[in-house]
>>> print(open('target25.cif').read())   # mmCIF, C-alpha atoms and all ligand atoms
data_data
#
loop_
_atom_site.label_atom_id
_atom_site.label_comp_id
_atom_site.auth_asym_id
_atom_site.auth_seq_id
_atom_site.Cartn_x
_atom_site.Cartn_y
_atom_site.Cartn_z
CA MET B 299 10.44 -19.66 43.78
CA SER B 300 7.43 -21.97 43.41
CA ALA B 301 7.15 -24.55 40.62
CA ASP B 302 5.66 -23.11 37.44
CA TYR B 303 4.87 -25.65 34.71
CA VAL B 304 4.08 -25.13 31.01
CA PRO B 305 2.84 -27.72 28.46
CA LEU B 306 5.53 -29.99 26.94
CA GLU B 307 6.34 -28.83 23.42
CA GLY B 308 8.26 -30.47 20.61
CA TYR B 309 7.91 -34.11 21.71
CA GLU B 310 8.04 -36.37 18.66
CA ASN B 311 5.52 -39.19 19.00
CA LEU B 312 7.07 -41.90 16.82
CA ASN B 313 5.68 -45.32 16.03
CA THR B 314 7.77 -48.23 17.31
CA PHE B 315 9.16 -49.06 13.84
CA GLU B 316 10.46 -45.54 13.39
CA MET B 317 11.73 -45.57 16.99
CA GLN B 318 13.69 -48.78 16.42
CA ALA B 319 15.12 -47.44 13.16
CA ARG B 320 16.24 -44.21 14.80
CA ALA B 321 17.73 -46.00 17.81
CA GLU B 322 19.76 -48.28 15.51
CA ALA B 323 20.80 -45.30 13.37
CA VAL B 324 22.15 -43.47 16.43
CA TYR B 325 24.00 -46.62 17.45
CA GLU B 326 25.51 -46.96 13.96
CA THR B 327 26.60 -43.31 14.06
CA LEU B 328 28.18 -43.56 17.50
CA LEU B 329 29.82 -46.88 16.68
CA LYS B 330 31.85 -45.04 14.03
CA ARG B 331 33.29 -42.62 16.60
CA ARG B 332 36.98 -43.16 17.21
CA THR B 333 39.26 -41.27 19.52
CA ILE B 334 41.98 -39.95 17.23
CA ARG B 335 45.43 -38.55 17.94
CA ASP B 336 46.52 -37.81 14.35
CA PHE B 337 44.91 -34.48 13.44
CA SER B 338 45.02 -32.40 10.26
CA ASP B 339 45.74 -28.69 10.68
CA LYS B 340 42.82 -27.84 8.36
CA ALA B 341 40.71 -25.04 9.84
CA VAL B 342 37.22 -25.70 11.20
CA PRO B 343 34.77 -22.75 11.14
CA GLN B 344 34.02 -21.33 14.58
CA GLU B 345 30.26 -21.55 13.94
CA ILE B 346 30.46 -25.36 13.93
CA ILE B 347 32.19 -25.37 17.32
CA GLU B 348 29.60 -22.90 18.62
CA SER B 349 26.72 -25.18 17.55
CA CYS B 350 28.35 -28.18 19.24
CA ILE B 351 28.84 -26.23 22.49
CA LYS B 352 25.21 -25.14 22.32
CA ALA B 353 24.27 -28.83 21.98
CA ALA B 354 26.39 -29.68 25.05
CA GLY B 355 24.68 -26.87 26.97
CA THR B 356 21.30 -28.63 26.60
CA ALA B 357 22.47 -31.44 28.91
CA PRO B 358 20.49 -32.22 32.06
CA SER B 359 22.11 -30.93 35.24
CA GLY B 360 21.58 -30.85 39.00
CA ALA B 361 18.79 -28.34 39.75
CA ASN B 362 19.33 -27.05 36.18
CA HIS B 363 22.34 -25.06 37.39
CA GLN B 364 24.30 -25.95 34.20
CA PRO B 365 27.61 -26.07 36.07
CA TRP B 366 29.83 -26.10 32.98
CA TYR B 367 31.97 -23.63 31.08
CA PHE B 368 33.69 -24.16 27.73
CA VAL B 369 36.76 -22.29 26.51
CA ALA B 370 37.29 -22.89 22.78
CA ILE B 371 40.80 -22.10 21.61
CA SER B 372 42.10 -21.70 18.07
CA ASP B 373 44.75 -19.05 18.87
CA PRO B 374 48.11 -20.73 18.03
CA GLU B 375 49.89 -18.95 20.90
CA VAL B 376 47.40 -20.20 23.47
CA LYS B 377 47.51 -23.71 22.00
CA ARG B 378 51.30 -23.61 22.26
CA LYS B 379 51.14 -22.61 25.93
CA ILE B 380 48.75 -25.47 26.61
CA ARG B 381 50.99 -27.94 24.79
CA ILE B 382 54.06 -26.86 26.75
CA ALA B 383 52.25 -27.11 30.10
CA ALA B 384 50.55 -30.42 29.26
CA GLU B 385 53.76 -32.02 28.02
CA ALA B 386 55.53 -30.98 31.23
CA GLU B 387 52.84 -32.76 33.31
CA GLU B 388 52.84 -35.77 31.02
CA ALA B 389 56.64 -36.06 31.17
CA GLU B 390 56.32 -36.51 34.94
CA PHE B 391 53.42 -38.92 34.53
CA TYR B 392 55.19 -41.19 32.06
CA GLY B 393 58.59 -40.62 33.67
CA GLY B 394 57.77 -42.19 37.04
CA LYS B 395 54.67 -40.69 38.64
CA ALA B 396 52.22 -43.15 37.05
CA PRO B 397 51.94 -46.55 38.75
CA ASP B 398 52.98 -49.57 36.65
CA GLU B 399 49.42 -50.89 36.53
CA TRP B 400 48.31 -47.62 34.88
CA LEU B 401 51.20 -47.64 32.40
CA ASP B 402 50.39 -51.28 31.56
CA ALA B 403 46.78 -50.30 30.86
CA LEU B 404 47.96 -47.53 28.51
CA ALA B 405 50.55 -49.67 26.67
CA PRO B 406 48.08 -50.89 23.97
CA LEU B 407 47.25 -47.25 23.19
CA GLY B 408 50.91 -46.35 22.65
CA THR B 409 50.51 -42.93 24.26
CA ASP B 410 53.49 -41.00 25.59
CA ALA B 411 54.39 -37.53 26.86
CA SER B 412 54.56 -36.01 23.37
CA LYS B 413 51.33 -34.15 22.51
CA PRO B 414 51.88 -32.44 19.11
CA PHE B 415 48.12 -32.58 18.41
CA LEU B 416 47.62 -29.82 20.99
CA GLU B 417 49.13 -27.46 18.39
CA THR B 418 48.16 -29.23 15.17
CA ALA B 419 44.42 -29.54 15.77
CA PRO B 420 42.48 -26.39 14.85
CA TRP B 421 40.48 -26.32 18.11
CA LEU B 422 40.97 -27.19 21.75
CA ILE B 423 37.90 -27.03 23.99
CA ALA B 424 38.70 -26.82 27.68
CA VAL B 425 35.73 -27.94 29.77
CA PHE B 426 35.41 -26.56 33.30
CA ALA B 427 33.19 -27.67 36.19
CA GLN B 428 31.72 -24.99 38.45
CA ARG B 429 31.37 -25.86 42.12
CA ARG B 430 29.24 -22.76 42.66
CA GLY B 431 26.91 -20.86 40.35
CA GLY B 432 23.18 -21.26 39.83
CA GLU B 433 20.60 -21.33 37.07
CA LYS B 434 21.59 -17.80 36.09
CA THR B 435 25.08 -16.53 35.29
CA GLY B 436 26.57 -14.49 38.10
CA GLN B 437 24.79 -16.30 40.93
CA ASP B 438 26.77 -17.81 43.78
CA LYS B 439 24.70 -20.79 44.90
CA LYS B 440 25.92 -24.31 45.57
CA ASN B 441 25.85 -26.54 42.49
CA TYR B 442 24.75 -30.19 42.73
CA TYR B 443 25.94 -33.35 40.97
CA VAL B 444 28.62 -31.27 39.29
CA THR B 445 30.75 -34.16 38.02
CA GLU B 446 27.74 -36.06 36.71
CA SER B 447 26.33 -32.95 35.01
CA VAL B 448 29.59 -31.93 33.35
CA GLY B 449 30.21 -35.55 32.32
CA LEU B 450 26.81 -35.63 30.63
CA ALA B 451 27.46 -32.30 28.86
CA THR B 452 30.86 -33.52 27.71
CA GLY B 453 29.30 -36.71 26.32
CA MET B 454 26.81 -34.63 24.43
CA LEU B 455 29.61 -32.36 23.18
CA ILE B 456 31.51 -35.39 21.86
CA THR B 457 28.33 -36.72 20.25
CA ALA B 458 27.65 -33.37 18.58
CA LEU B 459 31.23 -33.01 17.31
CA HIS B 460 31.26 -36.56 15.96
CA THR B 461 27.84 -36.19 14.35
CA ALA B 462 29.06 -32.97 12.72
CA GLY B 463 31.88 -34.97 11.14
CA LEU B 464 34.75 -33.92 13.37
CA GLY B 465 37.36 -36.07 15.06
CA THR B 466 37.98 -35.75 18.79
CA LEU B 467 40.42 -36.75 21.48
CA THR B 468 39.40 -36.62 25.13
CA HIS B 469 42.62 -35.46 26.76
CA THR B 470 43.16 -35.40 30.51
CA PRO B 471 46.61 -34.13 31.38
CA ALA B 472 46.87 -34.54 35.15
CA PRO B 473 46.96 -32.31 37.08
CA MET B 474 45.19 -29.81 34.83
CA GLY B 475 45.41 -26.70 37.01
CA PHE B 476 47.41 -24.91 34.31
CA LEU B 477 44.30 -24.83 32.11
CA ARG B 478 42.54 -22.54 34.57
CA ASP B 479 45.39 -20.03 34.40
CA ILE B 480 45.87 -20.18 30.63
CA CYS B 481 42.10 -19.93 30.02
CA ASP B 482 41.63 -17.11 32.58
CA ARG B 483 39.04 -19.00 34.59
CA PRO B 484 38.31 -18.45 38.31
CA LYS B 485 39.82 -20.54 41.12
CA ASP B 486 36.62 -22.38 42.03
CA GLU B 487 36.28 -23.80 38.51
CA LYS B 488 37.83 -27.23 38.09
CA PRO B 489 39.34 -28.17 34.72
CA PHE B 490 37.37 -31.28 33.73
CA VAL B 491 38.71 -32.36 30.38
CA LEU B 492 40.48 -30.93 27.35
CA MET B 493 38.81 -31.87 24.06
CA VAL B 494 41.04 -31.84 20.99
CA VAL B 495 38.94 -31.23 17.87
CA GLY B 496 39.54 -31.22 14.14
CA TYR B 497 39.71 -33.30 10.99
CA PRO B 498 41.56 -36.60 11.19
CA ALA B 499 44.88 -36.45 9.29
CA ASP B 500 44.85 -38.26 5.91
CA ASN B 501 47.03 -40.99 7.35
CA ALA B 502 45.29 -41.10 10.76
CA ARG B 503 45.60 -44.42 12.56
CA VAL B 504 43.83 -45.71 15.66
CA PRO B 505 44.96 -48.37 18.12
CA LYS B 506 43.39 -51.77 17.42
CA HIS B 507 42.83 -52.09 21.15
CA ALA B 508 40.26 -49.28 21.10
CA LEU B 509 38.10 -51.09 18.54
CA ILE B 510 37.05 -53.71 21.06
CA LYS B 511 33.68 -52.73 22.51
CA LYS B 512 31.95 -54.87 25.09
CA ASP B 513 28.88 -56.70 23.84
CA LEU B 514 25.36 -55.76 24.93
CA THR B 515 25.22 -58.91 27.09
CA GLU B 516 28.37 -57.83 28.92
CA ILE B 517 27.22 -54.31 29.69
CA SER B 518 23.58 -54.90 30.53
CA THR B 519 20.98 -57.13 32.14
CA PHE B 520 17.28 -57.02 31.31
CA LYS B 521 14.87 -57.98 34.06
CA THR B 522 11.61 -58.50 32.20
N1 LIG N 601 46.90 -38.24 30.47
C1 LIG N 601 47.86 -39.13 29.85
C2 LIG N 601 47.62 -40.56 30.19
C3 LIG N 601 46.41 -41.22 29.70
C4 LIG N 601 45.53 -41.76 30.59
C5 LIG N 601 44.44 -42.47 30.19
I1 LIG N 601 43.29 -43.35 31.59
C6 LIG N 601 44.19 -42.65 28.82
O1 LIG N 601 43.07 -43.38 28.40
C7 LIG N 601 45.07 -42.11 27.89
C8 LIG N 601 46.17 -41.39 28.34
C9 LIG N 601 47.94 -38.87 28.35
O2 LIG N 601 47.12 -38.14 27.83
O3 LIG N 601 48.84 -39.39 27.70
#
>>> encode(input="target25.cif", output="structure tokens", more="lines below")
Ligand code: IYR
Amino acid sequence: MSADYVPLEGYENLNTFEMQARAEAVYETLLKRRTIRDFSDKAVPQEIIESCIKAAGTAPSGANHQPWYFVAISDPEVKRKIRIAAEAEEAEFYGGKAPDEWLDALAPLGTDASKPFLETAPWLIAVFAQRRGGEKTGQDKKNYYVTESVGLATGMLITALHTAGLGTLTHTPAPMGFLRDICDRPKDEKPFVLMVVGYPADNARVPKHALIKKDLTEISTFKT
């Protein structure tokens, strides 16, 4: 297939004052995002989750193959299965499999093998990475930069969910193979992350540790 270009549409040509204001506004919005573990069981309409997944699906990807797949779960029986399987993996992780250095790094977060939020939260979104696929569903071509692409889509998913007013937890039970079985996904799809989504509980708390964000001067250099 040869390259076929069309004129760029929809680009917003902003003046630099407006640009600066918008950039700061996005920063202010994202600065308010917190990973939460205390979820309310209040229902969230499916349409909101659908819009956020559509937003994630606009992410850039290697050769535009869009190597991601999202399974959104509100069915209590499926959530229960996921909780049972995740807690079994986490019990091993916290019960000896994890190296001390890793457990030390997690200590300020106070996490443990108990994951009640996997049943409490109204939605779980399992994100899968496809090693093979293509720009059209059903193709079987090699995908490129799969981890980078799915990471970008997941970041955009989190941004969309947060902007919509929802709380999230990025959960990575390891290994996550059970997600493929429970979500009925094919063998060559790799579970990437399990997003827990819902309203924060009224009494939701966050670890102080997670409030510390590195300063601009620590995370960047400008060569001008
Ligand atoms: N998957 C475990 C452990 C865990 C690992 C990291 I790195 C975290 O930032 C948080 C937790 C769990 O979910 O408890």
>>> residues_around(input="target25.cif", residues="Lys434 (chain B)", least_positions_apart="5", cutoff="10 Å", atoms="all atoms listed in the file", output="VMD selection string")
chain B and resid 362 to 364 439
>>> closest_residue(input="target25.cif", among="B:Ala403, B:Ile371, B:Thr418, B:Ile380", to="Ala508 (chain B)", atoms="only C-alpha atoms")
B:Ala403
>>> residues_around(input="target25.cif", residues="Ala427 (chain B)", least_positions_apart="3", cutoff="8 Å", atoms="only C-alpha atoms", output="list in words")
Pro365, Trp366, Tyr367, Val444, Thr445, Val448, Glu487, Lys488, Pro489 and Phe490 of chain B
>>> atom_distance(input="target25.cif", atom1="CA of Tyr309 (chain B)", atom2="CA of His460 (chain B)")
24.2 Å
>>> atom_distance(input="target25.cif", atom1="CA of Leu450 (chain B)", atom2="CA of Glu310 (chain B)")
22.3 Å
>>> closest_residue(input="target25.cif", among="B:Met317, B:Ile480, B:Val504, B:Ala411", to="ligand LIG 601 (chain N)", atoms="only C-alpha atoms and all ligand atoms")
B:Ala411
>>> closest_residue(input="target25.cif", among="B:Ala499, B:Leu459, B:Leu464, B:Leu416", to="ligand LIG 601 (chain N)", atoms="all atoms listed in the file")
B:Leu416
>>> closest_residue(input="target25.cif", among="B:Lys521, B:Arg331, B:Lys485, B:His507", to="Arg429 (chain B)", atoms="all atoms listed in the file")
B:Lys485
>>> atom_distance(input="target25.cif", atom1="CA of Arg335 (chain B)", atom2="atom C1 of ligand LIG 601 (chain N)")
12.2 Å
>>> axis_aligned_box(input="target25.cif", around="ligand LIG 601 (chain N)", padding_each_side="5 Å", output="JSON")
{"center_x": 46.0, "center_y": -40.8, "center_z": 29.6, "size_x": 15.8, "size_y": 15.2, "size_z": 13.9}
>>> closest_residue(input="target25.cif", among="B:Ile351, B:Ala451, B:Leu401, B:Ile382", to="ligand LIG 601 (chain N)", atoms="only C-alpha atoms and all ligand atoms")
B:Leu401
>>> residues_near_ligand(input="target25.cif", ligand="ligand LIG 601 (chain N)", cutoff="6 Å", atoms="all atoms listed in the file", output="list in words")
Thr409, Asp410, Ala411, His469, Thr470, Pro471 and Ala472 of chain B
>>> closest_residue(input="target25.cif", among="B:Gly431, B:Gly465, B:Gly449, B:Gly408", to="Asp486 (chain B)", atoms="all atoms listed in the file")
B:Gly431
>>> residues_around(input="target25.cif", residues="Arg378 (chain B)", least_positions_apart="3", cutoff="10 Å", atoms="all atoms listed in the file", output="list in words")
Asp373, Pro374, Glu375, Arg381, Ile382, Ala383, Ala384, Pro414, Leu416, Glu417 and Thr418 of chain B
>>> decode(input="target25.cif", residues="region 357-416 of chain B", atoms="C-alpha atoms", output="PDB file, in the first residue's frame")
ATOM      1  CA  ALA B 357      -3.151   6.827  21.167  1.00  0.00           C
ATOM      2  CA  PRO B 358      -0.244   6.750  18.727  1.00  0.00           C
ATOM      3  CA  SER B 359       1.061   3.253  18.013  1.00  0.00           C
ATOM      4  CA  GLY B 360       3.729   1.458  16.008  1.00  0.00           C
ATOM      5  CA  ALA B 361       2.676   1.495  12.323  1.00  0.00           C
ATOM      6  CA  ASN B 362      -0.816   2.465  13.591  1.00  0.00           C
ATOM      7  CA  HIS B 363      -1.481  -1.193  14.426  1.00  0.00           C
ATOM      8  CA  GLN B 364      -3.258  -0.197  17.689  1.00  0.00           C
ATOM      9  CA  PRO B 365      -2.010  -3.295  19.510  1.00  0.00           C
ATOM     10  CA  TRP B 366      -4.331  -2.970  22.507  1.00  0.00           C
ATOM     11  CA  TYR B 367      -7.525  -4.578  23.731  1.00  0.00           C
ATOM     12  CA  PHE B 368      -9.652  -3.533  26.703  1.00  0.00           C
ATOM     13  CA  VAL B 369     -11.994  -5.799  28.646  1.00  0.00           C
ATOM     14  CA  ALA B 370     -14.285  -3.741  30.893  1.00  0.00           C
ATOM     15  CA  ILE B 371     -15.867  -5.751  33.685  1.00  0.00           C
ATOM     16  CA  SER B 372     -18.749  -4.816  35.958  1.00  0.00           C
ATOM     17  CA  ASP B 373     -20.157  -8.363  36.363  1.00  0.00           C
ATOM     18  CA  PRO B 374     -19.773  -9.155  40.109  1.00  0.00           C
ATOM     19  CA  GLU B 375     -19.051 -12.839  39.411  1.00  0.00           C
ATOM     20  CA  VAL B 376     -16.198 -12.018  37.040  1.00  0.00           C
ATOM     21  CA  LYS B 377     -14.819  -9.410  39.453  1.00  0.00           C
ATOM     22  CA  ARG B 378     -14.910 -12.035  42.203  1.00  0.00           C
ATOM     23  CA  LYS B 379     -12.964 -14.511  40.067  1.00  0.00           C
ATOM     24  CA  ILE B 380     -10.358 -11.846  39.355  1.00  0.00           C
ATOM     25  CA  ARG B 381     -10.074 -10.958  43.033  1.00  0.00           C
ATOM     26  CA  ILE B 382      -9.580 -14.586  44.050  1.00  0.00           C
ATOM     27  CA  ALA B 383      -6.903 -15.174  41.389  1.00  0.00           C
ATOM     28  CA  ALA B 384      -5.116 -11.861  42.054  1.00  0.00           C
ATOM     29  CA  GLU B 385      -5.067 -12.382  45.815  1.00  0.00           C
ATOM     30  CA  ALA B 386      -3.583 -15.855  45.324  1.00  0.00           C
ATOM     31  CA  GLU B 387      -0.713 -14.354  43.275  1.00  0.00           C
ATOM     32  CA  GLU B 388      -0.262 -11.488  45.697  1.00  0.00           C
ATOM     33  CA  ALA B 389      -0.158 -13.849  48.693  1.00  0.00           C
ATOM     34  CA  GLU B 390       2.874 -15.508  47.100  1.00  0.00           C
ATOM     35  CA  PHE B 391       4.406 -12.156  46.222  1.00  0.00           C
ATOM     36  CA  TYR B 392       4.115 -10.704  49.721  1.00  0.00           C
ATOM     37  CA  GLY B 393       4.694 -14.083  51.379  1.00  0.00           C
ATOM     38  CA  GLY B 394       8.249 -14.609  50.114  1.00  0.00           C
ATOM     39  CA  LYS B 395       8.521 -14.312  46.346  1.00  0.00           C
ATOM     40  CA  ALA B 396       9.219 -10.566  46.327  1.00  0.00           C
ATOM     41  CA  PRO B 397      12.813  -9.537  47.074  1.00  0.00           C
ATOM     42  CA  ASP B 398      13.340  -7.430  50.219  1.00  0.00           C
ATOM     43  CA  GLU B 399      14.366  -4.393  48.180  1.00  0.00           C
ATOM     44  CA  TRP B 400      10.978  -4.486  46.418  1.00  0.00           C
ATOM     45  CA  LEU B 401       9.049  -4.936  49.675  1.00  0.00           C
ATOM     46  CA  ASP B 402      11.012  -2.032  51.182  1.00  0.00           C
ATOM     47  CA  ALA B 403      10.025   0.153  48.226  1.00  0.00           C
ATOM     48  CA  LEU B 404       6.359  -0.753  48.754  1.00  0.00           C
ATOM     49  CA  ALA B 405       6.377  -0.254  52.552  1.00  0.00           C
ATOM     50  CA  PRO B 406       5.417   3.482  52.378  1.00  0.00           C
ATOM     51  CA  LEU B 407       2.379   2.526  50.283  1.00  0.00           C
ATOM     52  CA  GLY B 408       1.176   0.011  52.870  1.00  0.00           C
ATOM     53  CA  THR B 409      -0.026  -2.442  50.224  1.00  0.00           C
ATOM     54  CA  ASP B 410      -0.567  -6.109  51.007  1.00  0.00           C
ATOM     55  CA  ALA B 411      -2.120  -9.229  49.480  1.00  0.00           C
ATOM     56  CA  SER B 412      -5.680  -8.189  50.311  1.00  0.00           C
ATOM     57  CA  LYS B 413      -7.422  -6.629  47.283  1.00  0.00           C
ATOM     58  CA  PRO B 414     -11.070  -5.980  48.277  1.00  0.00           C
ATOM     59  CA  PHE B 415     -11.286  -3.114  45.756  1.00  0.00           C
ATOM     60  CA  LEU B 416     -11.319  -5.693  42.950  1.00  0.00           C
TER      61      LEU B 416
END
